[in-house]
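Colleague: My file is final_12.cif. It has mmCIF, C-alpha atoms:
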```
data_final
#
loop_
_atom_site.group_PDB
_atom_site.id
_atom_site.type_symbol
_atom_site.label_atom_id
_atom_site.label_comp_id
_atom_site.auth_asym_id
_atom_site.auth_seq_id
_atom_site.Cartn_x
_atom_site.Cartn_y
_atom_site.Cartn_z
ATOM 1 C CA MET A 1470 5.024 -13.776 84.878
ATOM 2 C CA LYS A 1471 8.659 -13.530 83.888
ATOM 3 C CA TYR A 1472 9.593 -11.880 80.589
ATOM 4 C CA ASP A 1473 11.590 -14.417 78.586
ATOM 5 C CA LYS A 1474 11.297 -13.359 74.941
ATOM 6 C CA PRO A 1475 14.714 -13.572 73.230
ATOM 7 C CA PRO A 1476 15.855 -10.844 70.806
ATOM 8 C CA LYS A 1477 15.278 -11.565 67.130
ATOM 9 C CA THR A 1478 17.421 -10.800 64.101
ATOM 10 C CA TYR A 1479 16.018 -8.523 61.421
ATOM 11 C CA GLN A 1480 15.398 -11.557 59.250
ATOM 12 C CA GLU A 1481 13.515 -13.261 62.096
ATOM 13 C CA GLN A 1482 11.452 -10.124 62.656
ATOM 14 C CA ILE A 1483 10.441 -10.102 58.995
ATOM 15 C CA ALA A 1484 9.648 -13.820 59.109
ATOM 16 C CA LEU A 1485 7.403 -13.242 62.122
ATOM 17 C CA LEU A 1486 5.526 -10.426 60.376
ATOM 18 C CA LYS A 1487 5.095 -12.538 57.240
ATOM 19 C CA GLU A 1488 3.719 -15.356 59.372
ATOM 20 C CA ARG A 1489 1.192 -12.899 60.778
ATOM 21 C CA GLY A 1490 0.083 -11.737 57.348
ATOM 22 C CA VAL A 1491 2.284 -8.770 56.344
ATOM 23 C CA ILE A 1492 3.253 -8.646 52.660
ATOM 24 C CA PHE A 1493 6.804 -7.591 51.737
ATOM 25 C CA ASP A 1494 7.883 -6.555 48.241
ATOM 26 C CA ASP A 1495 11.516 -5.841 49.197
ATOM 27 C CA GLU A 1496 12.805 -7.667 52.272
ATOM 28 C CA LYS A 1497 16.301 -6.200 52.036
ATOM 29 C CA LYS A 1498 14.884 -2.680 52.131
ATOM 30 C CA ALA A 1499 12.696 -3.677 55.084
ATOM 31 C CA GLU A 1500 15.793 -5.005 56.917
ATOM 32 C CA HIS A 1501 17.497 -1.658 56.395
ATOM 33 C CA GLN A 1502 14.452 0.199 57.761
ATOM 34 C CA LEU A 1503 14.263 -2.063 60.805
ATOM 35 C CA ALA A 1504 17.973 -1.492 61.448
ATOM 36 C CA ALA A 1505 17.506 2.290 61.282
ATOM 37 C CA ILE A 1506 14.284 2.561 63.288
ATOM 38 C CA SER A 1507 13.748 -0.670 65.306
ATOM 39 C CA TYR A 1508 10.919 -3.173 65.373
ATOM 40 C CA TYR A 1509 9.706 -1.904 68.735
ATOM 41 C CA ARG A 1510 9.257 1.695 67.564
ATOM 42 C CA LEU A 1511 7.540 0.579 64.368
ATOM 43 C CA SER A 1512 5.243 -1.780 66.286
ATOM 44 C CA ALA A 1513 3.188 1.242 67.401
ATOM 45 C CA TYR A 1514 2.322 1.806 63.738
ATOM 46 C CA MET A 1515 1.286 -1.819 63.226
ATOM 47 C CA PHE A 1516 -1.768 -1.665 65.514
ATOM 48 C CA PRO A 1517 -4.094 0.098 63.043
ATOM 49 C CA PHE A 1518 -3.527 -2.762 60.587
ATOM 50 C CA LYS A 1519 -4.148 -5.631 62.999
ATOM 51 C CA LYS A 1520 -7.333 -7.667 63.180
ATOM 52 C CA ASN A 1521 -9.956 -6.911 65.788
ATOM 53 C CA VAL A 1522 -11.514 -10.118 67.056
ATOM 54 C CA GLY A 1523 -14.387 -9.737 69.504
ATOM 55 C CA GLY A 1524 -13.221 -6.296 70.536
ATOM 56 C CA HIS A 1525 -9.608 -7.370 71.059
ATOM 57 C CA ILE A 1526 -6.596 -6.582 68.873
ATOM 58 C CA VAL A 1527 -4.819 -9.813 67.928
ATOM 59 C CA ASP A 1528 -1.364 -10.460 66.463
ATOM 60 C CA GLU A 1529 -2.677 -11.030 62.972
ATOM 61 C CA PHE A 1530 -2.845 -8.441 60.231
ATOM 62 C CA ARG A 1531 -5.816 -7.621 58.068
ATOM 63 C CA TYR A 1532 -5.806 -9.124 54.614
ATOM 64 C CA GLY A 1533 -3.666 -7.158 52.160
ATOM 65 C CA THR A 1534 -1.571 -5.294 54.756
ATOM 66 C CA THR A 1535 1.865 -4.489 53.347
ATOM 67 C CA TRP A 1536 5.094 -3.475 55.031
ATOM 68 C CA LYS A 1537 4.903 -0.276 53.005
ATOM 69 C CA ASP A 1538 1.549 0.540 54.679
ATOM 70 C CA ILE A 1539 3.165 0.296 58.102
ATOM 71 C CA TYR A 1540 6.324 2.161 57.165
ATOM 72 C CA ASN A 1541 4.424 4.958 55.419
ATOM 73 C CA LEU A 1542 2.308 5.523 58.526
ATOM 74 C CA TYR A 1543 5.539 5.924 60.510
ATOM 75 C CA VAL A 1544 6.859 8.410 57.930
ATOM 76 C CA PHE A 1545 3.580 10.340 58.022
ATOM 77 C CA ASP A 1546 3.763 10.600 61.810
ATOM 78 C CA ARG A 1547 7.380 11.738 61.654
ATOM 79 C CA LYS A 1548 6.562 14.485 59.152
ATOM 80 C CA LEU A 1549 3.513 15.440 61.197
ATOM 81 C CA ARG A 1550 5.668 15.850 64.321
ATOM 82 C CA LEU A 1551 8.086 18.072 62.417
ATOM 83 C CA LEU A 1552 5.171 20.187 61.187
ATOM 84 C CA VAL A 1553 3.747 20.514 64.695
ATOM 85 C CA PHE A 1554 7.158 21.190 66.250
ATOM 86 C CA ASP A 1555 7.807 23.963 63.741
ATOM 87 C CA ALA A 1556 4.543 25.661 64.724
ATOM 88 C CA ILE A 1557 5.260 25.208 68.428
ATOM 89 C CA GLU A 1558 8.688 26.805 67.999
ATOM 90 C CA LYS A 1559 7.103 29.987 66.639
ATOM 91 C CA ILE A 1560 4.608 30.029 69.500
ATOM 92 C CA GLU A 1561 7.288 29.383 72.113
ATOM 93 C CA VAL A 1562 9.388 32.317 70.886
ATOM 94 C CA ALA A 1563 6.343 34.615 70.963
ATOM 95 C CA VAL A 1564 5.373 33.498 74.481
ATOM 96 C CA ARG A 1565 8.917 34.190 75.723
ATOM 97 C CA CYS A 1566 8.780 37.630 74.135
ATOM 98 C CA GLN A 1567 5.416 38.565 75.662
ATOM 99 C CA ILE A 1568 6.321 37.322 79.147
ATOM 100 C CA VAL A 1569 9.516 39.378 79.144
ATOM 101 C CA TYR A 1570 8.052 42.469 77.510
ATOM 102 C CA GLN A 1571 4.957 42.763 79.647
ATOM 103 C CA LEU A 1572 6.397 41.787 83.025
ATOM 104 C CA SER A 1573 9.554 43.866 82.627
ATOM 105 C CA HIS A 1574 7.470 46.943 81.820
ATOM 106 C CA ARG A 1575 5.393 46.297 84.937
ATOM 107 C CA TYR A 1576 8.086 45.253 87.395
ATOM 108 C CA GLY A 1577 11.449 46.167 85.903
ATOM 109 C CA SER A 1578 14.244 44.297 84.170
ATOM 110 C CA HIS A 1579 14.735 41.714 86.943
ATOM 111 C CA TRP A 1580 11.123 40.789 87.693
ATOM 112 C CA GLN A 1581 12.086 37.111 87.835
ATOM 113 C CA ASP A 1582 13.986 37.866 91.065
ATOM 114 C CA ASN A 1583 10.936 39.380 92.772
ATOM 115 C CA PRO A 1584 9.104 36.715 94.809
ATOM 116 C CA ASP A 1585 6.181 39.083 95.466
ATOM 117 C CA ILE A 1586 4.812 38.736 91.931
ATOM 118 C CA PHE A 1587 4.471 34.960 92.261
ATOM 119 C CA LYS A 1588 1.946 32.917 94.201
ATOM 120 C CA GLU A 1589 3.037 31.550 97.553
ATOM 121 C CA PRO A 1590 4.440 27.991 97.567
ATOM 122 C CA GLN A 1591 1.610 25.478 97.685
ATOM 123 C CA ASN A 1592 0.972 21.758 97.751
ATOM 124 C CA ARG A 1593 -0.966 20.023 94.999
ATOM 125 C CA VAL A 1594 -2.595 16.608 95.360
ATOM 126 C CA LEU A 1595 -1.823 14.446 92.324
ATOM 127 C CA SER A 1596 -4.141 11.891 90.738
ATOM 128 C CA ASP A 1597 -2.336 9.049 92.539
ATOM 129 C CA GLY A 1598 -3.009 10.673 95.920
ATOM 130 C CA THR A 1599 0.540 11.898 96.522
ATOM 131 C CA THR A 1600 1.332 15.525 97.267
ATOM 132 C CA GLN A 1601 3.640 17.681 95.170
ATOM 133 C CA ALA A 1602 5.141 20.929 96.450
ATOM 134 C CA ILE A 1603 4.982 23.798 93.951
ATOM 135 C CA ASP A 1604 7.297 26.760 94.420
ATOM 136 C CA VAL A 1605 7.671 28.399 91.013
ATOM 137 C CA PHE A 1606 9.806 31.309 92.213
ATOM 138 C CA ASN A 1607 12.477 29.070 93.722
ATOM 139 C CA GLU A 1608 12.188 26.653 90.819
ATOM 140 C CA ILE A 1609 13.140 29.307 88.274
ATOM 141 C CA GLN A 1610 15.778 30.787 90.589
ATOM 142 C CA ASN A 1611 17.461 27.395 90.890
ATOM 143 C CA HIS A 1612 17.328 26.945 87.131
ATOM 144 C CA ILE A 1613 18.885 30.376 86.504
ATOM 145 C CA THR A 1614 21.666 29.637 89.010
ATOM 146 C CA GLU A 1615 22.362 26.308 87.337
ATOM 147 C CA GLN A 1616 22.525 27.960 83.922
ATOM 148 C CA LEU A 1617 24.898 30.654 85.178
ATOM 149 C CA HIS A 1618 27.300 28.018 86.450
ATOM 150 C CA ASN A 1619 26.971 25.362 83.765
ATOM 151 C CA ASN A 1620 25.823 26.936 80.509
ATOM 152 C CA LYS A 1621 29.050 27.836 78.770
ATOM 153 C CA ALA A 1622 27.542 27.906 75.296
ATOM 154 C CA GLU A 1623 25.508 31.110 75.661
ATOM 155 C CA ILE A 1624 27.784 34.098 75.073
ATOM 156 C CA PHE A 1625 25.350 36.575 76.643
ATOM 157 C CA ILE A 1626 25.496 34.734 79.981
ATOM 158 C CA LYS A 1627 29.274 34.663 79.924
ATOM 159 C CA HIS A 1628 29.363 38.379 79.084
ATOM 160 C CA TYR A 1629 27.007 39.290 81.927
ATOM 161 C CA VAL A 1630 28.916 37.269 84.530
ATOM 162 C CA GLN A 1631 32.246 38.769 83.464
ATOM 163 C CA THR A 1632 30.943 42.340 83.215
ATOM 164 C CA TYR A 1633 28.465 42.892 86.064
ATOM 165 C CA ASP A 1634 28.701 42.286 89.809
ATOM 166 C CA GLU A 1635 25.061 42.946 90.624
ATOM 167 C CA PRO A 1636 22.374 41.881 90.464
ATOM 168 C CA VAL A 1637 23.700 38.363 90.529
ATOM 169 C CA ASN A 1638 21.187 37.255 87.914
ATOM 170 C CA PRO A 1639 21.066 38.706 84.403
ATOM 171 C CA PRO A 1640 17.974 40.698 83.333
ATOM 172 C CA SER A 1641 14.812 38.822 82.482
ATOM 173 C CA TRP A 1642 15.339 38.971 78.717
ATOM 174 C CA MET A 1643 18.498 36.892 79.221
ATOM 175 C CA CYS A 1644 17.139 34.591 81.924
ATOM 176 C CA VAL A 1645 13.960 33.691 80.054
ATOM 177 C CA GLU A 1646 16.007 32.684 77.012
ATOM 178 C CA VAL A 1647 17.595 29.844 79.003
ATOM 179 C CA MET A 1648 14.341 28.639 80.569
ATOM 180 C CA TYR A 1649 12.521 25.558 79.342
ATOM 181 C CA PHE A 1650 9.034 25.784 77.869
ATOM 182 C CA ASN A 1651 7.752 24.181 81.049
ATOM 183 C CA HIS A 1652 9.025 27.196 83.013
ATOM 184 C CA LEU A 1653 7.116 29.589 80.752
ATOM 185 C CA SER A 1654 3.904 27.665 81.358
ATOM 186 C CA ARG A 1655 4.445 27.607 85.115
ATOM 187 C CA ILE A 1656 5.316 31.293 85.296
ATOM 188 C CA CYS A 1657 2.052 32.239 83.585
ATOM 189 C CA ASN A 1658 0.071 29.864 85.775
ATOM 190 C CA TYR A 1659 1.590 31.057 89.041
ATOM 191 C CA LEU A 1660 1.710 34.824 88.674
ATOM 192 C CA LYS A 1661 -0.016 36.297 91.722
ATOM 193 C CA ASN A 1662 -1.847 39.149 90.012
ATOM 194 C CA ARG A 1663 -4.465 38.032 87.508
ATOM 195 C CA SER A 1664 -3.909 41.223 85.506
ATOM 196 C CA ASP A 1665 -0.365 40.050 84.700
ATOM 197 C CA VAL A 1666 -1.677 36.877 83.082
ATOM 198 C CA VAL A 1667 -4.523 38.771 81.379
ATOM 199 C CA GLY A 1668 -1.999 41.057 79.720
ATOM 200 C CA ILE A 1669 0.012 38.179 78.276
ATOM 201 C CA ALA A 1670 -2.998 36.061 77.288
ATOM 202 C CA SER A 1671 -4.790 38.983 75.632
ATOM 203 C CA TYR A 1672 -1.933 39.349 73.153
ATOM 204 C CA PHE A 1673 -2.880 35.876 71.906
ATOM 205 C CA HIS A 1674 -6.620 36.738 72.004
ATOM 206 C CA LEU A 1675 -7.351 34.184 74.717
ATOM 207 C CA PRO A 1676 -8.864 34.304 78.218
ATOM 208 C CA PRO A 1677 -6.135 33.767 80.853
ATOM 209 C CA LYS A 1678 -7.481 30.429 82.095
ATOM 210 C CA THR A 1679 -7.707 29.065 78.565
ATOM 211 C CA PHE A 1680 -4.267 30.445 77.708
ATOM 212 C CA ASN A 1681 -2.662 28.707 80.697
ATOM 213 C CA SER A 1682 -4.422 25.453 79.862
ATOM 214 C CA TRP A 1683 -3.310 25.624 76.233
ATOM 215 C CA LEU A 1684 0.292 26.347 77.262
ATOM 216 C CA HIS A 1685 0.242 23.260 79.467
ATOM 217 C CA THR A 1686 -0.978 21.104 76.584
ATOM 218 C CA ILE A 1687 1.491 22.661 74.128
ATOM 219 C CA ASN A 1688 4.335 21.804 76.499
ATOM 220 C CA TYR A 1689 3.030 18.226 76.699
ATOM 221 C CA VAL A 1690 2.878 17.840 72.906
ATOM 222 C CA ARG A 1691 6.246 19.558 72.525
ATOM 223 C CA ASN A 1692 7.764 16.840 74.688
ATOM 224 C CA ILE A 1693 6.097 14.144 72.585
ATOM 225 C CA CYS A 1694 7.641 15.645 69.449
ATOM 226 C CA ALA A 1695 11.044 16.160 71.061
ATOM 227 C CA HIS A 1696 11.185 12.501 72.091
ATOM 228 C CA HIS A 1697 10.066 11.309 68.616
ATOM 229 C CA ALA A 1698 7.072 9.537 70.116
ATOM 230 C CA ARG A 1699 3.891 8.580 68.270
ATOM 231 C CA LEU A 1700 1.615 11.577 67.817
ATOM 232 C CA TRP A 1701 -0.905 11.051 65.033
ATOM 233 C CA ASN A 1702 -3.618 9.008 66.826
ATOM 234 C CA ARG A 1703 -2.624 9.587 70.445
ATOM 235 C CA ASP A 1704 -5.172 10.208 73.192
ATOM 236 C CA PHE A 1705 -3.773 13.202 75.066
ATOM 237 C CA ASN A 1706 -3.152 12.810 78.790
ATOM 238 C CA ILE A 1707 -3.324 16.582 79.199
ATOM 239 C CA VAL A 1708 -6.543 17.865 77.631
ATOM 240 C CA PRO A 1709 -6.770 21.583 76.765
ATOM 241 C CA GLU A 1710 -9.642 23.688 78.006
ATOM 242 C CA LYS A 1711 -12.575 24.272 75.681
ATOM 243 C CA PHE A 1712 -12.551 27.630 73.935
ATOM 244 C CA ASP A 1713 -16.059 28.667 72.962
ATOM 245 C CA PHE A 1714 -15.606 31.557 70.544
ATOM 246 C CA SER A 1715 -13.390 34.440 69.523
ATOM 247 C CA LYS A 1716 -14.489 37.986 68.850
ATOM 248 C CA THR A 1717 -11.345 38.835 66.911
ATOM 249 C CA LEU A 1718 -9.895 35.737 65.209
ATOM 250 C CA VAL A 1719 -11.204 32.711 63.316
ATOM 251 C CA TRP A 1720 -12.057 29.700 65.487
ATOM 252 C CA ILE A 1721 -13.825 26.396 64.908
ATOM 253 C CA SER A 1722 -17.605 26.274 64.617
ATOM 254 C CA ASN A 1723 -18.066 23.139 66.751
ATOM 255 C CA PRO A 1724 -16.172 23.632 70.057
ATOM 256 C CA GLU A 1725 -18.909 21.761 71.932
ATOM 257 C CA THR A 1726 -18.419 18.528 70.016
ATOM 258 C CA ALA A 1727 -14.705 18.765 69.151
ATOM 259 C CA LYS A 1728 -12.600 15.990 70.679
ATOM 260 C CA ARG A 1729 -10.207 18.027 72.796
ATOM 261 C CA GLY A 1730 -8.125 14.986 73.713
ATOM 262 C CA LYS A 1731 -7.206 14.297 70.086
ATOM 263 C CA LEU A 1732 -4.754 15.897 67.692
ATOM 264 C CA TYR A 1733 -7.270 17.783 65.530
ATOM 265 C CA TYR A 1734 -8.280 20.153 68.316
ATOM 266 C CA PHE A 1735 -4.617 20.752 69.103
ATOM 267 C CA LEU A 1736 -3.866 21.616 65.484
ATOM 268 C CA CYS A 1737 -6.779 24.078 65.587
ATOM 269 C CA MET A 1738 -5.204 25.626 68.697
ATOM 270 C CA LEU A 1739 -1.896 26.084 66.902
ATOM 271 C CA ASN A 1740 -3.590 27.593 63.871
ATOM 272 C CA TYR A 1741 -5.560 29.983 66.069
ATOM 273 C CA ILE A 1742 -2.447 31.286 67.851
ATOM 274 C CA LEU A 1743 -0.486 31.535 64.606
ATOM 275 C CA GLN A 1744 -3.091 33.976 63.267
ATOM 276 C CA THR A 1745 -1.585 36.502 65.673
ATOM 277 C CA ILE A 1746 2.125 35.736 65.552
ATOM 278 C CA ASN A 1747 2.502 34.442 62.002
ATOM 279 C CA PRO A 1748 -0.308 35.688 59.720
ATOM 280 C CA GLY A 1749 -0.288 33.838 56.437
ATOM 281 C CA THR A 1750 1.174 30.745 58.101
ATOM 282 C CA SER A 1751 1.789 27.770 55.829
ATOM 283 C CA LEU A 1752 0.472 25.342 58.463
ATOM 284 C CA THR A 1753 -2.878 24.889 56.717
ATOM 285 C CA GLN A 1754 -1.456 24.047 53.297
ATOM 286 C CA ARG A 1755 1.351 21.884 54.667
ATOM 287 C CA LEU A 1756 -1.139 19.879 56.730
ATOM 288 C CA LYS A 1757 -3.470 19.373 53.768
ATOM 289 C CA ASP A 1758 -0.552 18.333 51.546
ATOM 290 C CA LEU A 1759 0.704 15.851 54.138
ATOM 291 C CA ILE A 1760 -2.706 14.225 54.555
ATOM 292 C CA ALA A 1761 -3.191 14.088 50.786
ATOM 293 C CA GLU A 1762 0.195 12.385 50.362
ATOM 294 C CA TYR A 1763 -0.226 9.640 52.980
ATOM 295 C CA HIS A 1764 -4.013 9.284 53.400
ATOM 296 C CA PRO A 1765 -4.023 8.435 57.125
ATOM 297 C CA LYS A 1766 -7.236 7.590 58.927
ATOM 298 C CA ILE A 1767 -8.014 11.148 60.007
ATOM 299 C CA SER A 1768 -10.939 10.121 62.220
ATOM 300 C CA ALA A 1769 -8.332 8.494 64.502
ATOM 301 C CA MET A 1770 -6.884 11.982 64.995
ATOM 302 C CA GLY A 1771 -10.257 13.460 65.911
ATOM 303 C CA PHE A 1772 -10.833 15.156 62.548
ATOM 304 C CA PRO A 1773 -14.552 15.734 61.917
ATOM 305 C CA GLU A 1774 -16.109 15.147 58.526
ATOM 306 C CA ASN A 1775 -15.716 18.099 56.167
ATOM 307 C CA TRP A 1776 -13.039 19.612 58.379
ATOM 308 C CA GLU A 1777 -11.577 21.434 55.386
ATOM 309 C CA THR A 1778 -14.748 23.508 55.109
ATOM 310 C CA GLU A 1779 -14.024 25.075 58.520
ATOM 311 C CA LYS A 1780 -13.009 28.699 58.010
ATOM 312 C CA ILE A 1781 -9.925 28.219 60.173
ATOM 313 C CA TRP A 1782 -8.567 25.751 57.559
ATOM 314 C CA GLN A 1783 -9.333 27.859 54.479
#
```
Transcribe the structure of this file into structure tokens.
Modeller:
Amino acid sequence: MKYDKPPKTYQEQIALLKERGVIFDDEKKAEHQLAAISYYRLSAYMFPFKKNVGGHIVDEFRYGTTWKDIYNLYVFDRKLRLLVFDAIEKIEVAVRCQIVYQLSHRYGSHWQDNPDIFKEPQNRVLSDGTTQAIDVFNEIQNHITEQLHNNKAEIFIKHYVQTYDEPVNPPSWMCVEVMYFNHLSRICNYLKNRSDVVGIASYFHLPPKTFNSWLHTINYVRNICAHHARLWNRDFNIVPEKFDFSKTLVWISNPETAKRGKLYYFLCMLNYILQTINPGTSLTQRLKDLIAEYHPKISAMGFPENWETEKIWQ
């Protein structure tokens, strides 16, 4: 079937929504919001307000749905992403620090240039049946080389290149600073010696396998936030590993029943890690305040009943 829907003006978009049952109290303000955000982006926040007929979502809105309901859900999600991204930033900085500190004390300042500490290149079969080659050592080497040639903004790179002839690459504490979060996750997952990963993961009070899984999911959610995509009720494509209990920090009481593919479990992960790197974090209070302000349907995010009674959120 050929796509043949013509573009609509803001006024036509509002007329369409009114026809489908949305109530507007200020159409001019709604036009301004559509011009700043776009109908298509906001359409993701319309679904929770649409009618369900025989198990199918139809293009009609439930009685009493207002434009403000839809817009406020978008604003809630935006503020939620900023809250999550702020927590991830703190975690990302700490992960960079621990990777550099622990590996440089084991293998020297330029451990990233030592192929012997990484697993051999291997092929991985993807869910669609195709094969992907994984060579983490060469991947990070290529990235470092690219940054040395193209990253003119970082003064420390410029200083190293102009001052030192060898090694060609700067020390790890410089190189890791210009790596993406994805590189950090892959480094931890593809270190050859398990003790190297254990050392890094133990700082965060996690088993190495769980730590690597959580890093992978954090990178996935980081990308969602960075691209301003819908987060609040998303079903995660990358599900973190279940963490049963902690001997040292506060964790949830229901890991067996927690929905690990929903946002609540992820927020618990962030709060758990922040206990180590940012004691007294404001994440708990900021999350409670945000939910109290916008009253989203928290069950759609995987929140259990009485979640606030969990010790991790007190």
Colleague: Let me know the residues the PyMOL selection byres ((chain A and resi 1499-1501) around 9) catches in the file above, as a ChimeraX atom specification.
Modeller: /A:1479-1480,1482-1483,1493-1498,1502-1506,1536-1537,1540
Colleague: Using C-alpha atoms, can you export the residues from the last selection as a PDB file, in the coordinates of the input?
Modeller:
```
ATOM      1  CA  TYR A1479      16.018  -8.523  61.421  1.00  0.00           C
ATOM      2  CA  GLN A1480      15.398 -11.557  59.250  1.00  0.00           C
ATOM      3  CA  GLN A1482      11.452 -10.124  62.656  1.00  0.00           C
ATOM      4  CA  ILE A1483      10.441 -10.102  58.995  1.00  0.00           C
ATOM      5  CA  PHE A1493       6.804  -7.591  51.737  1.00  0.00           C
ATOM      6  CA  ASP A1494       7.883  -6.555  48.241  1.00  0.00           C
ATOM      7  CA  ASP A1495      11.516  -5.841  49.197  1.00  0.00           C
ATOM      8  CA  GLU A1496      12.805  -7.667  52.272  1.00  0.00           C
ATOM      9  CA  LYS A1497      16.301  -6.200  52.036  1.00  0.00           C
ATOM     10  CA  LYS A1498      14.884  -2.680  52.131  1.00  0.00           C
ATOM     11  CA  GLN A1502      14.452   0.199  57.761  1.00  0.00           C
ATOM     12  CA  LEU A1503      14.263  -2.063  60.805  1.00  0.00           C
ATOM     13  CA  ALA A1504      17.973  -1.492  61.448  1.00  0.00           C
ATOM     14  CA  ALA A1505      17.506   2.290  61.282  1.00  0.00           C
ATOM     15  CA  ILE A1506      14.284   2.561  63.288  1.00  0.00           C
ATOM     16  CA  TRP A1536       5.094  -3.475  55.031  1.00  0.00           C
ATOM     17  CA  LYS A1537       4.903  -0.276  53.005  1.00  0.00           C
ATOM     18  CA  TYR A1540       6.324   2.161  57.165  1.00  0.00           C
TER      19      TYR A1540
END
```
Colleague: Go ahead and compute the interatomic distance for atom CA of Arg1547 of chain A and atom CA of Phe1530 of chain A, in Å to one decimal.
Modeller: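 A separation of 22.7 Å between them.
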Colleague: For Pro1724 of chain A, work out the shell of residues within 12 Å, counting all atoms listed in the file and skipping chain neighbours fewer than 4 positions away, then give it as a VMD selection string.
Modeller: chain A and resid 1709 to 1715 1720 1728 to 1729 1733 to 1735 1737 to 1738 1773 1779
Colleague: Export C-alpha atoms of the chosen residues as a PDB file, in the frame of the given file?
Modeller:
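Resulting contents of out_5.pdb:
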```pdb
ATOM      1  CA  PRO A1709      -6.770  21.583  76.765  1.00  0.00           C
ATOM      2  CA  GLU A1710      -9.642  23.688  78.006  1.00  0.00           C
ATOM      3  CA  LYS A1711     -12.575  24.272  75.681  1.00  0.00           C
ATOM      4  CA  PHE A1712     -12.551  27.630  73.935  1.00  0.00           C
ATOM      5  CA  ASP A1713     -16.059  28.667  72.962  1.00  0.00           C
ATOM      6  CA  PHE A1714     -15.606  31.557  70.544  1.00  0.00           C
ATOM      7  CA  SER A1715     -13.390  34.440  69.523  1.00  0.00           C
ATOM      8  CA  TRP A1720     -12.057  29.700  65.487  1.00  0.00           C
ATOM      9  CA  LYS A1728     -12.600  15.990  70.679  1.00  0.00           C
ATOM     10  CA  ARG A1729     -10.207  18.027  72.796  1.00  0.00           C
ATOM     11  CA  TYR A1733      -7.270  17.783  65.530  1.00  0.00           C
ATOM     12  CA  TYR A1734      -8.280  20.153  68.316  1.00  0.00           C
ATOM     13  CA  PHE A1735      -4.617  20.752  69.103  1.00  0.00           C
ATOM     14  CA  CYS A1737      -6.779  24.078  65.587  1.00  0.00           C
ATOM     15  CA  MET A1738      -5.204  25.626  68.697  1.00  0.00           C
ATOM     16  CA  PRO A1773     -14.552  15.734  61.917  1.00  0.00           C
ATOM     17  CA  GLU A1779     -14.024  25.075  58.520  1.00  0.00           C
TER      18      GLU A1779
END
```
Colleague: For this structure, which residues satisfy the selection - the PyMOL selection byres ((chain A and resi 1769) around 9) - when it is evaluated on the file as given? I want them as a list of chain:residue names.
Modeller: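 Residues picked by the PyMOL selection byres ((chain A and resi 1769) around 9): A:Trp1701, A:Asn1702, A:Arg1703, A:Lys1731, A:Leu1732, A:Pro1765, A:Lys1766, A:Ile1767, A:Ser1768, A:Met1770, A:Gly1771, A:Phe1772.
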Colleague: Keeping only C-alpha atoms, write the selected residues to a file as an mmCIF file, keeping the file's coordinate frame.
Modeller:
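New file selection_31.cif:
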```cif
data_model
loop_
_atom_site.group_PDB
_atom_site.id
_atom_site.type_symbol
_atom_site.label_atom_id
_atom_site.label_comp_id
_atom_site.auth_asym_id
_atom_site.auth_seq_id
_atom_site.Cartn_x
_atom_site.Cartn_y
_atom_site.Cartn_z
ATOM 1 C CA TRP A 1701 -0.905 11.051 65.033
ATOM 2 C CA ASN A 1702 -3.618 9.008 66.826
ATOM 3 C CA ARG A 1703 -2.624 9.587 70.445
ATOM 4 C CA LYS A 1731 -7.206 14.297 70.086
ATOM 5 C CA LEU A 1732 -4.754 15.897 67.692
ATOM 6 C CA PRO A 1765 -4.023 8.435 57.125
ATOM 7 C CA LYS A 1766 -7.236 7.590 58.927
ATOM 8 C CA ILE A 1767 -8.014 11.148 60.007
ATOM 9 C CA SER A 1768 -10.939 10.121 62.220
ATOM 10 C CA MET A 1770 -6.884 11.982 64.995
ATOM 11 C CA GLY A 1771 -10.257 13.460 65.911
ATOM 12 C CA PHE A 1772 -10.833 15.156 62.548
#
```
Colleague: Run through the PyMOL selection byres ((chain A and resi 1748-1751) around 12) on the given coordinates and return the selected residues as a tab-separated table (two decimals) with C-alpha atoms, in the frame of the given file.
Modeller:
```
chain	number	residue	atom	x	y	z
A	1552	LEU	CA	5.17	20.19	61.19
A	1553	VAL	CA	3.75	20.51	64.69
A	1555	ASP	CA	7.81	23.96	63.74
A	1556	ALA	CA	4.54	25.66	64.72
A	1559	LYS	CA	7.10	29.99	66.64
A	1560	ILE	CA	4.61	30.03	69.50
A	1718	LEU	CA	-9.90	35.74	65.21
A	1719	VAL	CA	-11.20	32.71	63.32
A	1739	LEU	CA	-1.90	26.08	66.90
A	1740	ASN	CA	-3.59	27.59	63.87
A	1741	TYR	CA	-5.56	29.98	66.07
A	1742	ILE	CA	-2.45	31.29	67.85
A	1743	LEU	CA	-0.49	31.54	64.61
A	1744	GLN	CA	-3.09	33.98	63.27
A	1745	THR	CA	-1.58	36.50	65.67
A	1746	ILE	CA	2.12	35.74	65.55
A	1747	ASN	CA	2.50	34.44	62.00
A	1752	LEU	CA	0.47	25.34	58.46
A	1753	THR	CA	-2.88	24.89	56.72
A	1754	GLN	CA	-1.46	24.05	53.30
A	1755	ARG	CA	1.35	21.88	54.67
A	1756	LEU	CA	-1.14	19.88	56.73
A	1757	LYS	CA	-3.47	19.37	53.77
A	1758	ASP	CA	-0.55	18.33	51.55
A	1781	ILE	CA	-9.93	28.22	60.17
A	1782	TRP	CA	-8.57	25.75	57.56
A	1783	GLN	CA	-9.33	27.86	54.48
```
Colleague: Have a look at A:Val1630, A:Ala1761, A:Val1667, A:Met1470 and name the one nearest to His1618 of chain A; count only C-alpha atoms.
Modeller: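 Ranked by minimum distance to His1618 of chain A, first place goes to A:Val1630.
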Colleague: Between A:Leu1700, A:Met1515, A:Val1690, A:Leu1551, which one has atoms that come closest to Asp1538 of chain A, using all atoms listed in the file?
Modeller: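 Under the stated criterion, the closest residue is A:Met1515.
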